[in-house]
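Q: One structure, as structure tokens, below. Some questions next.
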Amino acid sequence: MMKLSSKLFTVLLSVAIMAAMLVPAAGAASKPEPSIIVPKSKIQSYVEAMQPGWNLGNTFDATGADETSWGNPRVTKELIKHIASQGFKSIRIPITWDQRMGEAPGYEIDPAFMDRIEEVVNWSLDAGLYVMINLHHDSWIWVNRMGTEHDAVLARYNAAWTQIADRFKNYTHKLSFESINEPRFSDGWGGGGETHYAMLHELNVSFHQIVRSSGGNNAERPLVLPTLETSANQDRLDALVNTFEALNDPNLIATVHYYGFWPFSVNIAGFTRFNEETKNDIVQTFDRVYNSLVAKGIPVILGEFGLLGFDKNTGTIEQGEKLKFFEFLLHYIQERGITHMLWDNGQHLNRLELKWNDPQLFGMLKSSWKGRSAAAETDLIYVRKGAAAQDAVIDLELNGNLLTALRYDGKALRKGSDYTLQGNVLTVKAELLDKLTAAGEYGENAELKADFNKGEDWVFDVIVYDTPVLHNTAGTTAGFSIPASFNGDRLATMEAVYAAGGNAGPQSWTSFKEFSYVFSPSYETNEIKLTPNFFNEVNDGEVVLTFYFWSGETVTYTITKSGTAVTGTASE
């Protein structure tokens, strides 16, 4: 994954096939009949022992002068030990070698850099972790030119792996090599076809031959081979199976990546919730992976997973919807015998303080390693300011668990009077909500914690709100913000259409714009920011914006663009 727009090729590919993706599903994907059970191989057991894994992202894969050039601090032994202490069993160390390699014909890797990689590998092994190292952003920096510079690219690729394999040939098998990260080739994004498959096959075969002939423990070292673009599309999987069959090596592992159903993953086209279509994408993706690889005795590592919107802001996806996504994703891929490695480019673990930026999310992830957690249709309970509260009726997805208590401020509430539970329907009584919101202050007034007999707790925010109010303003396309009185509410999405008709702004196939890329709320400064990305693709004239809030409120606003000048007018 690259810094910020790390999955650009995925986005471009997704846009190209959005018409197909947005066709409503006929219904929830049915779970296929169990495949033929095959005896568990030694390499499958190896992969399962790596569960779960963590990525040291935006560090040695950075394309700058050193490991801190993309904003992360220098790696310490304490960081590695902390990862192990959190329950992770493996670490993937993405490495970009490009700027650390000399000129042809030797392509010598900077000895100091190689020493530094070895130091961190040693720390990881000493901490009891399985370790995976690779060629990372080399894939799009130079390897992608293989179609036009075949001999030069192959020579450089071979030189890199010759040196890496030699340095680590006597290391324990707990160190694995991944041939290349997210391979793609420059004659078309999201391409493929036999030419691309042939080039990736040639790289993987060359990698295999170099490592296996380099001596020491490399003769049987676990080797990880990706699909084209690490995509789980069926044609990519089939092509990789052909490579596995050609190599006929019992110590090979397949890898794919997954960042979710694209509209949900970036919050675009109105996909604000973890709905059936988003869930079905997980099911269909990992059924393909299972049936194509795992069921045939080929173990799989999900080398990266997350949500694409996290590259801009981890708040791009609403908290409860985010938690439901990760809970179901981990449940399903573990059920399919696949090991997962969380992508973390600094967005999840604060590497200076060694604390999780979102403890609730990490708690859900950690609980999911061992079983299922319960969830609810929402984690937000809204009470309008000045109005009598109404019962909050919420469907629970128990996932085999039992609700044991509903708590406020650590104290168990009274079942029957404060809340009721009938089947999977939780009702939080109006009288309780009136008490919790008696102060009447906008925003979160209380947290209710639902305790379950297993898994992670579920937290409800009790929020006092009123209809948000937007205010008139003027600015420029380089920096335009709408003054906003959010009145306790939270923004879900924004729609943009021309007053004369037609969708406005980027991704004009939908009127609902991409969260953070086009717009973002700032609750601290009381404004909604519209980015230059938006105005770069907006024609002069009037554009009607509709803001959708999690309370159910909608507010319209009109902007008028004339060159670089923009004015904003609140609807009456």
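Identifiers in this document derive from the order of the structure tokens: chains are assigned A, B, ..., residues are numbered from 1 separately in each chain, and ligands are numbered from 1 in order of occurrence.
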As a VMD selection string, please: every residue in range 348-537 of chain A that a backbone DSSP assignment puts in alpha helix (DSSP H).
A: chain A and resid 359 to 368 430 to 436 532 to 535
Q: Which residues, written as a ChimeraX atom specification, have at least one atom at most 7 Å from Asp395 in chain A, with only C-alpha atoms counted and residues fewer than 5 positions away on the same chain left out?
A: /A:376-377,424-426
Q: Go ahead and write the residues just picked, N, CA and C atoms, as a tab-separated table (two decimals), in the first residue's frame.
A:
```tsv
chain	number	residue	atom	x	y	z
A	376	ALA	N	-25.01	-4.55	16.37
A	376	ALA	CA	-26.35	-3.99	16.33
A	376	ALA	C	-26.52	-3.23	15.02
A	377	GLU	N	-27.77	-2.98	14.67
A	377	GLU	CA	-28.02	-2.28	13.41
A	377	GLU	C	-27.46	-0.86	13.43
A	424	ASN	N	-34.13	-10.88	19.33
A	424	ASN	CA	-32.94	-10.08	19.03
A	424	ASN	C	-33.26	-8.60	18.96
A	425	VAL	N	-34.39	-8.19	19.51
A	425	VAL	CA	-34.80	-6.78	19.47
A	425	VAL	C	-34.60	-6.14	20.84
A	426	LEU	N	-33.70	-5.18	20.90
A	426	LEU	CA	-33.43	-4.44	22.12
A	426	LEU	C	-34.22	-3.14	22.08
```
Q: Identify, with DSSP run on backbone atoms, the residues in range 74-306 of chain A assigned to strand (DSSP E or B), and express the list as number ranges by chain.
A: A: 90-93, 101, 109, 130-134, 175-178, 223-226, 252-258, 300-305
Q: Which residues, written as a PyMOL selection string, have at least one atom at most 9 Å from Leu240 in chain A, with only C-alpha atoms counted and residues fewer than 4 positions away on the same chain left out?
A: chain A and resi 197+200-201+225-228+235-236+244-245+254
Q: Counting only C-alpha atoms, figure out which residue out of A:Pro183, A:Gly443, A:Gly320, A:Gly363 gets nearest to Thr255 in chain A.
A: A:Pro183
Q: Need the shell around Ser516 in chain A: protein/DNA/RNA residues with any atom at most 8 Å away, counting only C-alpha atoms. Skip same-chain ones fewer than 2 positions apart. Format as an MDAnalysis selection string?
A: chainID A and resid 309 312:313 316 514 518:520
